[in-house]
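Asker: Structure supplied as data36.cif; contents: mmCIF, C-alpha atoms and all ligand atoms.
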data_start
#
loop_
_atom_site.label_atom_id
_atom_site.label_comp_id
_atom_site.auth_asym_id
_atom_site.auth_seq_id
_atom_site.Cartn_x
_atom_site.Cartn_y
_atom_site.Cartn_z
CA MET A 1 0.00 0.00 0.00
CA SER A 2 1.41 3.42 -0.87
CA SER A 3 2.12 6.08 1.72
CA HIS A 4 1.29 9.72 1.05
CA LYS A 5 3.70 11.14 3.61
CA THR A 6 6.29 13.23 1.80
CA PHE A 7 9.81 14.01 2.97
CA ASN A 8 12.76 16.31 2.33
CA LEU A 9 16.26 15.47 1.16
CA THR A 10 19.58 17.18 0.57
CA LEU A 11 21.14 16.35 -2.79
CA ASN A 12 24.84 16.74 -3.60
CA VAL A 13 24.92 16.63 -7.37
CA TRP A 14 27.92 16.59 -9.69
CA ARG A 15 27.56 19.52 -12.11
CA GLN A 16 29.88 19.70 -15.12
CA LYS A 17 29.11 21.77 -18.22
CA ASN A 18 30.93 19.52 -20.68
CA GLU A 19 33.76 17.02 -21.03
CA LYS A 20 36.49 19.66 -20.81
CA ALA A 21 34.98 21.82 -18.05
CA GLU A 22 35.88 21.32 -14.42
CA GLY A 23 33.06 19.75 -12.43
CA ARG A 24 31.96 20.31 -8.83
CA PHE A 25 29.32 19.18 -6.39
CA VAL A 26 26.34 21.52 -5.94
CA THR A 27 23.87 21.12 -3.08
CA TYR A 28 20.11 21.26 -3.64
CA GLU A 29 17.16 20.77 -1.33
CA ALA A 30 14.54 18.34 -2.61
CA LYS A 31 11.28 19.08 -0.81
CA ASP A 32 7.97 17.20 -0.55
CA ILE A 33 9.29 14.05 -2.16
CA SER A 34 6.84 11.16 -2.27
CA PRO A 35 8.19 7.72 -1.36
CA ASP A 36 6.26 6.42 -4.38
CA MET A 37 8.28 8.49 -6.84
CA SER A 38 11.04 6.85 -8.81
CA PHE A 39 14.52 8.29 -8.40
CA LEU A 40 14.29 9.90 -11.83
CA GLU A 41 10.86 11.38 -11.03
CA MET A 42 12.45 12.96 -7.94
CA LEU A 43 15.07 14.49 -10.24
CA ASP A 44 12.28 15.70 -12.56
CA VAL A 45 10.68 17.53 -9.61
CA VAL A 46 14.01 19.10 -8.62
CA ASN A 47 14.58 20.14 -12.23
CA GLU A 48 11.13 21.74 -12.50
CA GLY A 49 12.09 23.88 -9.50
CA LEU A 50 15.43 24.82 -11.07
CA ILE A 51 13.76 25.75 -14.38
CA LEU A 52 11.20 27.92 -12.57
CA LYS A 53 14.11 29.74 -10.91
CA GLY A 54 15.81 30.21 -14.30
CA GLU A 55 18.64 27.79 -13.43
CA ASP A 56 20.16 25.08 -15.59
CA PRO A 57 18.41 21.74 -14.87
CA ILE A 58 20.49 18.72 -13.86
CA ALA A 59 21.31 16.70 -16.97
CA PHE A 60 20.75 12.97 -16.54
CA ASP A 61 20.33 10.21 -19.10
CA HIS A 62 17.17 8.12 -19.39
CA ASP A 63 14.91 6.56 -21.96
CA CYS A 64 12.69 3.60 -21.05
CA ARG A 65 12.45 4.26 -17.30
CA GLU A 66 11.64 0.58 -16.86
CA GLY A 67 15.01 -1.09 -16.59
CA ILE A 68 15.55 -2.15 -20.19
CA CYS A 69 17.49 0.49 -22.11
CA GLY A 70 20.52 0.92 -19.82
CA ALA A 71 20.64 4.70 -20.21
CA CYS A 72 20.06 5.80 -16.63
CA GLY A 73 23.37 4.98 -14.98
CA ILE A 74 24.11 7.23 -12.01
CA VAL A 75 26.37 6.64 -9.01
CA VAL A 76 24.11 7.16 -5.99
CA ASN A 77 25.84 7.43 -2.62
CA GLY A 78 28.88 5.69 -4.07
CA ALA A 79 26.98 2.76 -5.57
CA ALA A 80 26.35 2.30 -9.29
CA HIS A 81 22.55 2.57 -9.77
CA GLY A 82 22.10 3.16 -6.04
CA PRO A 83 21.61 1.04 -2.95
CA ARG A 84 19.18 -1.63 -4.14
CA LYS A 85 20.44 -4.89 -5.56
CA ALA A 86 19.47 -5.75 -9.15
CA THR A 87 17.79 -2.37 -9.63
CA THR A 88 18.48 0.28 -12.25
CA ALA A 89 18.43 3.95 -11.17
CA CYS A 90 15.11 4.38 -13.00
CA GLN A 91 13.54 1.54 -11.02
CA LEU A 92 14.88 2.75 -7.70
CA HIS A 93 12.08 4.28 -5.63
CA MET A 94 12.32 7.04 -3.10
CA ARG A 95 10.98 4.69 -0.42
CA SER A 96 14.57 3.41 -0.30
CA PHE A 97 15.44 6.73 1.42
CA LYS A 98 14.11 8.56 4.45
CA ASP A 99 13.41 12.10 5.56
CA GLY A 100 16.57 14.16 6.03
CA ASP A 101 18.83 11.84 4.01
CA GLN A 102 21.74 13.26 2.05
CA ILE A 103 22.09 11.78 -1.42
CA THR A 104 25.24 12.16 -3.49
CA MET A 105 24.92 11.76 -7.25
CA GLU A 106 27.82 11.37 -9.67
CA PRO A 107 28.29 10.16 -13.23
CA TRP A 108 30.14 6.94 -14.02
CA ARG A 109 33.83 7.70 -13.32
CA LEU A 110 35.72 5.97 -16.10
CA THR A 111 38.12 7.29 -18.74
CA PRO A 112 36.44 5.42 -21.65
CA PHE A 113 33.10 7.03 -20.62
CA PRO A 114 33.78 10.79 -20.77
CA VAL A 115 31.28 13.09 -19.11
CA VAL A 116 28.94 14.75 -21.61
CA LYS A 117 27.20 16.92 -19.02
CA ASP A 118 26.50 16.59 -15.28
CA LEU A 119 25.42 12.95 -14.78
CA ILE A 120 25.48 11.96 -18.45
CA VAL A 121 28.45 10.05 -19.86
CA ASP A 122 29.26 8.98 -23.39
CA ARG A 123 28.97 5.17 -23.44
CA SER A 124 29.65 4.83 -27.17
CA ALA A 125 32.79 2.79 -26.33
CA PHE A 126 30.37 -0.08 -25.66
CA ASP A 127 28.75 0.45 -29.07
CA ARG A 128 32.17 0.23 -30.73
CA ILE A 129 32.92 -3.04 -28.88
CA MET A 130 29.61 -4.40 -30.14
CA ALA A 131 30.35 -3.24 -33.68
CA ALA A 132 33.68 -5.11 -33.52
CA GLY A 133 32.02 -8.51 -33.16
CA GLY A 134 28.70 -8.53 -31.32
CA PHE A 135 26.67 -9.77 -34.25
CA ILE A 136 25.96 -12.90 -36.29
CA SER A 137 26.01 -13.37 -40.05
CA VAL A 138 22.63 -14.44 -41.29
CA SER A 139 21.40 -15.47 -44.69
CA THR A 140 18.24 -13.52 -45.14
CA GLY A 141 15.20 -15.30 -46.48
CA SER A 142 11.94 -16.50 -45.09
CA ALA A 143 11.82 -16.85 -41.33
CA PRO A 144 12.57 -20.46 -40.30
CA ASP A 145 10.15 -22.35 -38.11
CA GLY A 146 10.93 -21.72 -34.44
CA ASN A 147 11.46 -25.43 -33.71
CA ALA A 148 13.61 -26.15 -36.79
CA LEU A 149 16.85 -25.58 -34.88
CA PRO A 150 17.04 -27.65 -31.68
CA ILE A 151 18.83 -25.88 -28.83
CA ALA A 152 19.67 -27.59 -25.55
CA LYS A 153 17.57 -26.16 -22.72
CA MET A 154 20.63 -25.39 -20.61
CA ASN A 155 22.23 -23.40 -23.44
CA ALA A 156 18.99 -21.57 -24.21
CA ASP A 157 18.61 -20.62 -20.54
CA LEU A 158 22.23 -19.45 -20.23
CA ALA A 159 21.98 -17.45 -23.46
CA MET A 160 18.82 -15.78 -22.15
CA ASP A 161 20.57 -14.95 -18.87
CA ALA A 162 23.46 -13.35 -20.79
CA ALA A 163 21.05 -11.50 -23.08
CA ALA A 164 19.61 -9.73 -20.04
CA CYS A 165 22.61 -7.34 -20.16
CA ILE A 166 21.34 -3.86 -20.99
CA GLY A 167 24.76 -2.32 -21.68
CA CYS A 168 24.42 0.21 -18.86
CA GLY A 169 28.11 0.27 -17.96
CA ALA A 170 27.65 -0.14 -14.20
CA CYS A 171 29.99 -3.14 -14.21
CA ALA A 172 32.87 -1.14 -15.68
CA ALA A 173 32.09 1.88 -13.49
CA ALA A 174 32.11 -0.25 -10.33
CA CYS A 175 35.27 -2.21 -11.19
CA PRO A 176 38.44 -0.91 -9.47
CA ASN A 177 40.28 -1.69 -12.74
CA GLY A 178 37.63 -0.12 -14.97
CA SER A 179 37.21 -3.47 -16.69
CA ALA A 180 34.36 -4.07 -19.12
CA MET A 181 34.76 -7.86 -18.96
CA LEU A 182 31.30 -8.56 -17.54
CA PHE A 183 29.62 -6.64 -20.34
CA VAL A 184 31.79 -8.23 -23.05
CA SER A 185 31.39 -11.69 -21.56
CA ALA A 186 27.60 -11.33 -21.56
CA LYS A 187 27.57 -10.30 -25.21
CA VAL A 188 30.07 -12.99 -26.28
CA SER A 189 28.16 -15.67 -24.35
CA GLN A 190 24.73 -14.64 -25.58
CA LEU A 191 25.84 -15.35 -29.16
CA GLY A 192 28.40 -18.10 -28.54
CA LEU A 193 25.90 -20.33 -26.74
CA LEU A 194 23.53 -20.52 -29.70
CA PRO A 195 23.95 -22.34 -33.03
CA GLN A 196 23.51 -19.09 -34.98
CA GLY A 197 26.54 -17.61 -33.21
CA GLN A 198 28.97 -20.43 -33.99
CA PRO A 199 30.46 -19.32 -37.36
CA GLU A 200 32.08 -16.24 -35.79
CA ARG A 201 32.41 -17.57 -32.24
CA TYR A 202 36.21 -17.42 -32.00
CA SER A 203 36.88 -14.45 -34.24
CA ARG A 204 34.19 -12.59 -32.28
CA VAL A 205 35.86 -13.07 -28.91
CA LEU A 206 39.26 -11.99 -30.24
CA LYS A 207 37.85 -8.87 -31.89
CA MET A 208 35.65 -7.78 -29.00
CA VAL A 209 38.41 -8.23 -26.42
CA ALA A 210 40.89 -6.36 -28.65
CA LYS A 211 38.40 -3.51 -29.02
CA MET A 212 37.72 -3.46 -25.29
CA ASP A 213 41.48 -3.10 -24.68
CA SER A 214 41.93 -0.39 -27.30
CA GLU A 215 39.03 1.61 -25.82
CA GLY A 216 41.01 1.83 -22.58
CA PHE A 217 39.08 -0.54 -20.31
CA GLY A 218 41.15 -2.36 -17.68
CA THR A 219 41.76 -6.01 -16.99
CA CYS A 220 39.67 -8.31 -14.81
CA THR A 221 41.38 -9.39 -11.59
CA ASN A 222 38.32 -11.04 -10.06
CA HIS A 223 37.22 -8.32 -7.63
CA GLY A 224 33.57 -9.20 -8.33
CA GLU A 225 32.39 -5.59 -7.98
CA CYS A 226 30.88 -5.82 -11.48
CA GLU A 227 28.59 -8.69 -10.54
CA ALA A 228 27.52 -6.89 -7.34
CA ALA A 229 26.68 -3.70 -9.26
CA CYS A 230 24.96 -5.29 -12.23
CA PRO A 231 21.23 -4.47 -12.26
CA LYS A 232 20.56 -7.54 -14.41
CA GLU A 233 22.52 -9.97 -12.23
CA ILE A 234 24.92 -11.04 -14.96
CA ARG A 235 27.16 -13.62 -13.30
CA LEU A 236 30.96 -13.87 -13.15
CA GLU A 237 30.70 -17.32 -14.70
CA PHE A 238 30.23 -15.56 -18.04
CA ILE A 239 33.70 -14.04 -17.67
CA ALA A 240 35.06 -17.56 -17.12
CA ARG A 241 33.24 -18.61 -20.30
CA LEU A 242 34.73 -15.66 -22.20
CA ASN A 243 38.23 -16.54 -20.94
CA ARG A 244 37.84 -20.14 -22.14
CA ASP A 245 36.75 -19.03 -25.61
CA PHE A 246 39.49 -16.40 -25.74
CA LEU A 247 42.16 -18.95 -24.80
CA LYS A 248 40.88 -21.44 -27.34
CA ALA A 249 40.73 -18.78 -30.07
CA SER A 250 44.26 -17.60 -29.24
CA LEU A 251 45.64 -21.15 -29.32
CA MET A 252 43.98 -21.91 -32.66
CA LYS A 253 45.82 -19.01 -34.26
CA ARG A 254 44.12 -19.73 -37.56
CA PRO A 255 44.67 -16.84 -39.94
CA GLU A 256 40.98 -16.63 -40.84
CA ILE A 257 40.16 -16.26 -37.14
CA GLN A 258 42.75 -13.54 -36.66
CA LYS A 259 41.30 -11.72 -39.64
CA GLY A 260 37.78 -12.23 -38.30
CA GLY A 261 36.49 -14.78 -40.78
CA SER A 262 34.63 -17.96 -39.90
CA GLY A 263 36.00 -19.80 -36.96
S1 LIG B 1 26.84 -6.68 -17.44
FE1 LIG B 1 25.29 -5.73 -16.07
S2 LIG B 1 26.28 -3.88 -15.33
FE2 LIG B 1 27.43 -4.52 -17.13
S3 LIG B 1 26.54 -3.45 -18.87
FE3 LIG B 1 25.47 -5.43 -18.71
S4 LIG B 1 23.68 -5.00 -17.44
FE4 LIG B 1 25.06 -3.28 -17.12
S1 LIG B 2 15.97 4.54 -18.22
FE1 LIG B 2 16.12 2.68 -19.32
S2 LIG B 2 17.10 1.31 -17.93
FE2 LIG B 2 16.76 3.12 -16.76
#
What is this file in structure tokens?
Ligand code: SF4
Ligand code: FES
Answerer:
Amino acid sequence: MSSHKTFNLTLNVWRQKNEKAEGRFVTYEAKDISPDMSFLEMLDVVNEGLILKGEDPIAFDHDCREGICGACGIVVNGAAHGPRKATTACQLHMRSFKDGDQITMEPWRLTPFPVVKDLIVDRSAFDRIMAAGGFISVSTGSAPDGNALPIAKMNADLAMDAAACIGCGACAAACPNGSAMLFVSAKVSQLGLLPQGQPERYSRVLKMVAKMDSEGFGTCTNHGECEAACPKEIRLEFIARLNRDFLKASLMKRPEIQKGGSG
């Protein structure tokens, strides 16, 4: 049952005009906040107040507001996406806070994700990793019958688990090494577990890992912070799966794999 009692908060928000500008924390009072509001709705209310006063609203990224697009990454009180496990910032509700709380908000802090403005970062490094190998080659034609290609239940389930990754970047932002391994492992596994993903399985892992390195992401040393921060509960076992495929692909050293052909 919802409560109608509202409360007040103090927000410490990172404000930064653009990538090159120096940023700083600015304090705002958020008044009459309903516990039923989402975190982003609370920011909407604060922004309406700022606009009415003629001030620049706080820039934050969002799209679906239902945990599927991955746009809304914010560090809330030091935690990627905030204090609730398996919850994106857009699905975090103000009932997770109480009257008088101080809330600190920052963008992802990661060199490959430069700040665009305030809480918004440029996550196009992930798009470039995907473009390097996160696809399958398909012969277009009529759609095949859904049951024409048998897939073991365990593989189908694992592929679905990996496909839950929304590319939000929380894993890399939370990792002390700034590693994007959880994201890449989810994408590599999602395709590598299914028959359609086999032709490029080994070239894909080599290309995506190479792109991840060249974009400036760090190396995985098994801290596990990525798994803890992931709003979609992508598991570390996918990194182990990626490592196995990467090792196998590296040992094969077939020229067509190195060039990215069929593997
Ligand atoms: S693995 Fe999790 S934290 Fe990383 S991008 Fe995917 S959904 Fe976000
Ligand atoms: S706005 Fe789409 S996941 Fe949060």
Asker: Applying 8 Å and only C-alpha atoms, which residues near Pro35 of chain A remain after dropping the ones on its own chain fewer than 2 positions away? List them as an MDAnalysis selection string.
Answerer: chainID A and resid 3:7 33 37 93:97
Asker: Pick out the residues sitting within 12 Å of Thr219 of chain A, and hand them over as a ChimeraX atom specification; count all atoms listed in the file, and ignore anything fewer than 4 positions along from it in its own chain.
Answerer: /A:172,175-182,184,209-210,212-215,223,239,243
Asker: Have a look at atom CA of Phe238 of chain A and atom CA of Ala162 of chain A and let me know their distance in Å, one decimal.
Answerer: 7.6 Å
Asker: Can you tell me how far atom CA of Arg24 of chain A sits from atom CA of Val45 of chain A, in Å to one decimal?
Answerer: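 Value for the atom CA of Arg24 of chain A-atom CA of Val45 of chain A distance: 21.5 Å.
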Asker: For atom CA of Tyr202 of chain A and atom CA of Pro231 of chain A, determine how far apart the two atoms are, in Å to one decimal place.
Answerer: 28.0 Å
Asker: Using only C-alpha atoms and all ligand atoms, what table do you get, as CSV, when you list each residue of chain A with an atom no more than 6 Å from ligand LIG 1 (chain B), its nearest pair of atoms, and their distance in Å rounded to one decimal, rows by chain then rising number?
Answerer:
residue,atom,partner,partner_atom,distance
A:Cys165,CA,B:LIG1,FE3,3.7
A:Ile166,CA,B:LIG1,S4,4.4
A:Gly167,CA,B:LIG1,S3,3.5
A:Cys168,CA,B:LIG1,FE4,4.0
A:Gly169,CA,B:LIG1,S3,4.1
A:Ala170,CA,B:LIG1,S2,4.1
A:Cys171,CA,B:LIG1,S2,3.9
A:Leu182,CA,B:LIG1,S1,4.8
A:Phe183,CA,B:LIG1,S1,4.0
A:Cys230,CA,B:LIG1,S2,3.7
A:Pro231,CA,B:LIG1,FE1,5.7
A:Lys232,CA,B:LIG1,S4,5.0
A:Ile234,CA,B:LIG1,S1,5.4
Asker: Within 7 Å of ligand LIG 2 (chain B), which residues of chain A show up? Give each one with its shortest atom-to-atom distance in Å (one decimal) and the two atoms involved, counting only C-alpha atoms and all ligand atoms, rows by chain then rising residue number, as JSON lines.
Answerer:
{"residue": "A:His62", "atom": "CA", "partner": "B:LIG2", "partner_atom": "S1", "distance": 4.0}
{"residue": "A:Asp63", "atom": "CA", "partner": "B:LIG2", "partner_atom": "S1", "distance": 4.4}
{"residue": "A:Cys64", "atom": "CA", "partner": "B:LIG2", "partner_atom": "FE1", "distance": 4.0}
{"residue": "A:Arg65", "atom": "CA", "partner": "B:LIG2", "partner_atom": "S1", "distance": 3.6}
{"residue": "A:Glu66", "atom": "CA", "partner": "B:LIG2", "partner_atom": "FE1", "distance": 5.5}
{"residue": "A:Gly67", "atom": "CA", "partner": "B:LIG2", "partner_atom": "S2", "distance": 3.5}
{"residue": "A:Ile68", "atom": "CA", "partner": "B:LIG2", "partner_atom": "S2", "distance": 4.4}
{"residue": "A:Cys69", "atom": "CA", "partner": "B:LIG2", "partner_atom": "FE1", "distance": 3.8}
{"residue": "A:Gly70", "atom": "CA", "partner": "B:LIG2", "partner_atom": "S2", "distance": 3.9}
{"residue": "A:Ala71", "atom": "CA", "partner": "B:LIG2", "partner_atom": "FE1", "distance": 5.0}
{"residue": "A:Cys72", "atom": "CA", "partner": "B:LIG2", "partner_atom": "FE2", "distance": 4.3}
{"residue": "A:Thr88", "atom": "CA", "partner": "B:LIG2", "partner_atom": "FE2", "distance": 5.6}
{"residue": "A:Ala89", "atom": "CA", "partner": "B:LIG2", "partner_atom": "FE2", "distance": 5.9}
{"residue": "A:Cys90", "atom": "CA", "partner": "B:LIG2", "partner_atom": "FE2", "distance": 4.3}
{"residue": "A:Gln91", "atom": "CA", "partner": "B:LIG2", "partner_atom": "FE2", "distance": 6.8}
Asker: With C-alpha atoms kept, could you save the residues just selected as a PDB file, in the frame of the given file?
Answerer:
ATOM      1  CA  HIS A  62      17.170   8.120 -19.390  1.00  0.00           C
ATOM      2  CA  ASP A  63      14.910   6.560 -21.960  1.00  0.00           C
ATOM      3  CA  CYS A  64      12.690   3.600 -21.050  1.00  0.00           C
ATOM      4  CA  ARG A  65      12.450   4.260 -17.300  1.00  0.00           C
ATOM      5  CA  GLU A  66      11.640   0.580 -16.860  1.00  0.00           C
ATOM      6  CA  GLY A  67      15.010  -1.090 -16.590  1.00  0.00           C
ATOM      7  CA  ILE A  68      15.550  -2.150 -20.190  1.00  0.00           C
ATOM      8  CA  CYS A  69      17.490   0.490 -22.110  1.00  0.00           C
ATOM      9  CA  GLY A  70      20.520   0.920 -19.820  1.00  0.00           C
ATOM     10  CA  ALA A  71      20.640   4.700 -20.210  1.00  0.00           C
ATOM     11  CA  CYS A  72      20.060   5.800 -16.630  1.00  0.00           C
ATOM     12  CA  THR A  88      18.480   0.280 -12.250  1.00  0.00           C
ATOM     13  CA  ALA A  89      18.430   3.950 -11.170  1.00  0.00           C
ATOM     14  CA  CYS A  90      15.110   4.380 -13.000  1.00  0.00           C
ATOM     15  CA  GLN A  91      13.540   1.540 -11.020  1.00  0.00           C
TER      16      GLN A  91
END
Asker: Check the smallest atom-to-atom distance from each of A:Cys220, A:Ala21, A:Leu247, A:Leu191 to Met160 of chain A using all atoms listed in the file, then report the winner.
Answerer: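 For Met160 of chain A, the nearest of the candidates is A:Leu191.
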Asker: Considering only C-alpha atoms, state which residue in the set A:Arg241, A:Lys253, A:Arg123, A:Lys20 is at the smallest distance from Ala159 of chain A.
Answerer: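 Going through A:Arg241, A:Lys253, A:Arg123, A:Lys20 one by one, the smallest distance to Ala159 of chain A is for A:Arg241.
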Asker: With N, CA, C and O atoms as the target, complete segment 3-19 of chain A and hand it back as an mmCIF file, in the frame of the given file.
Answerer:
data_model
loop_
_atom_site.group_PDB
_atom_site.id
_atom_site.type_symbol
_atom_site.label_atom_id
_atom_site.label_comp_id
_atom_site.auth_asym_id
_atom_site.auth_seq_id
_atom_site.Cartn_x
_atom_site.Cartn_y
_atom_site.Cartn_z
ATOM 1 N N SER A 3 2.229 5.076 0.664
ATOM 2 C CA SER A 3 2.120 6.080 1.720
ATOM 3 C C SER A 3 2.114 7.451 1.064
ATOM 4 O O SER A 3 2.755 7.673 0.058
ATOM 5 N N HIS A 4 1.348 8.388 1.638
ATOM 6 C CA HIS A 4 1.290 9.720 1.050
ATOM 7 C C HIS A 4 2.149 10.716 1.811
ATOM 8 O O HIS A 4 2.139 11.891 1.522
ATOM 9 N N LYS A 5 2.866 10.231 2.823
ATOM 10 C CA LYS A 5 3.700 11.140 3.610
ATOM 11 C C LYS A 5 4.933 11.502 2.770
ATOM 12 O O LYS A 5 5.641 10.630 2.282
ATOM 13 N N THR A 6 5.134 12.807 2.595
ATOM 14 C CA THR A 6 6.290 13.230 1.800
ATOM 15 C C THR A 6 7.467 13.552 2.729
ATOM 16 O O THR A 6 7.293 13.673 3.937
ATOM 17 N N PHE A 7 8.644 13.679 2.148
ATOM 18 C CA PHE A 7 9.810 14.010 2.970
ATOM 19 C C PHE A 7 10.789 14.884 2.175
ATOM 20 O O PHE A 7 10.610 15.116 0.970
ATOM 21 N N ASN A 8 11.780 15.383 2.916
ATOM 22 C CA ASN A 8 12.760 16.310 2.330
ATOM 23 C C ASN A 8 14.152 15.675 2.335
ATOM 24 O O ASN A 8 14.492 14.922 3.245
ATOM 25 N N LEU A 9 14.916 16.030 1.314
ATOM 26 C CA LEU A 9 16.260 15.470 1.160
ATOM 27 C C LEU A 9 17.247 16.560 0.807
ATOM 28 O O LEU A 9 16.859 17.608 0.283
ATOM 29 N N THR A 10 18.516 16.295 1.059
ATOM 30 C CA THR A 10 19.580 17.180 0.570
ATOM 31 C C THR A 10 20.343 16.413 -0.501
ATOM 32 O O THR A 10 20.786 15.280 -0.265
ATOM 33 N N LEU A 11 20.454 17.017 -1.674
ATOM 34 C CA LEU A 11 21.140 16.350 -2.790
ATOM 35 C C LEU A 11 22.490 17.023 -3.059
ATOM 36 O O LEU A 11 22.560 18.256 -3.144
ATOM 37 N N ASN A 12 23.530 16.228 -3.162
ATOM 38 C CA ASN A 12 24.840 16.740 -3.600
ATOM 39 C C ASN A 12 25.060 16.193 -5.004
ATOM 40 O O ASN A 12 25.282 14.991 -5.178
ATOM 41 N N VAL A 13 24.948 17.081 -5.974
ATOM 42 C CA VAL A 13 24.920 16.630 -7.370
ATOM 43 C C VAL A 13 26.150 17.127 -8.116
ATOM 44 O O VAL A 13 26.522 18.305 -8.008
ATOM 45 N N TRP A 14 26.767 16.208 -8.875
ATOM 46 C CA TRP A 14 27.920 16.590 -9.690
ATOM 47 C C TRP A 14 27.444 17.417 -10.884
ATOM 48 O O TRP A 14 26.617 16.961 -11.667
ATOM 49 N N ARG A 15 27.910 18.655 -10.978
ATOM 50 C CA ARG A 15 27.560 19.520 -12.110
ATOM 51 C C ARG A 15 28.821 19.756 -12.932
ATOM 52 O O ARG A 15 29.859 20.139 -12.389
ATOM 53 N N GLN A 16 28.726 19.525 -14.214
ATOM 54 C CA GLN A 16 29.880 19.700 -15.120
ATOM 55 C C GLN A 16 29.314 20.076 -16.482
ATOM 56 O O GLN A 16 28.543 19.308 -17.066
ATOM 57 N N LYS A 17 29.718 21.245 -16.981
ATOM 58 C CA LYS A 17 29.110 21.770 -18.220
ATOM 59 C C LYS A 17 29.375 20.892 -19.436
ATOM 60 O O LYS A 17 28.510 20.702 -20.285
ATOM 61 N N ASN A 18 30.582 20.366 -19.535
ATOM 62 C CA ASN A 18 30.930 19.520 -20.680
ATOM 63 C C ASN A 18 32.174 18.707 -20.323
ATOM 64 O O ASN A 18 32.707 18.826 -19.214
ATOM 65 N N GLU A 19 32.641 17.920 -21.284
ATOM 66 C CA GLU A 19 33.760 17.020 -21.030
ATOM 67 C C GLU A 19 35.000 17.770 -20.539
ATOM 68 O O GLU A 19 35.727 17.304 -19.666
#
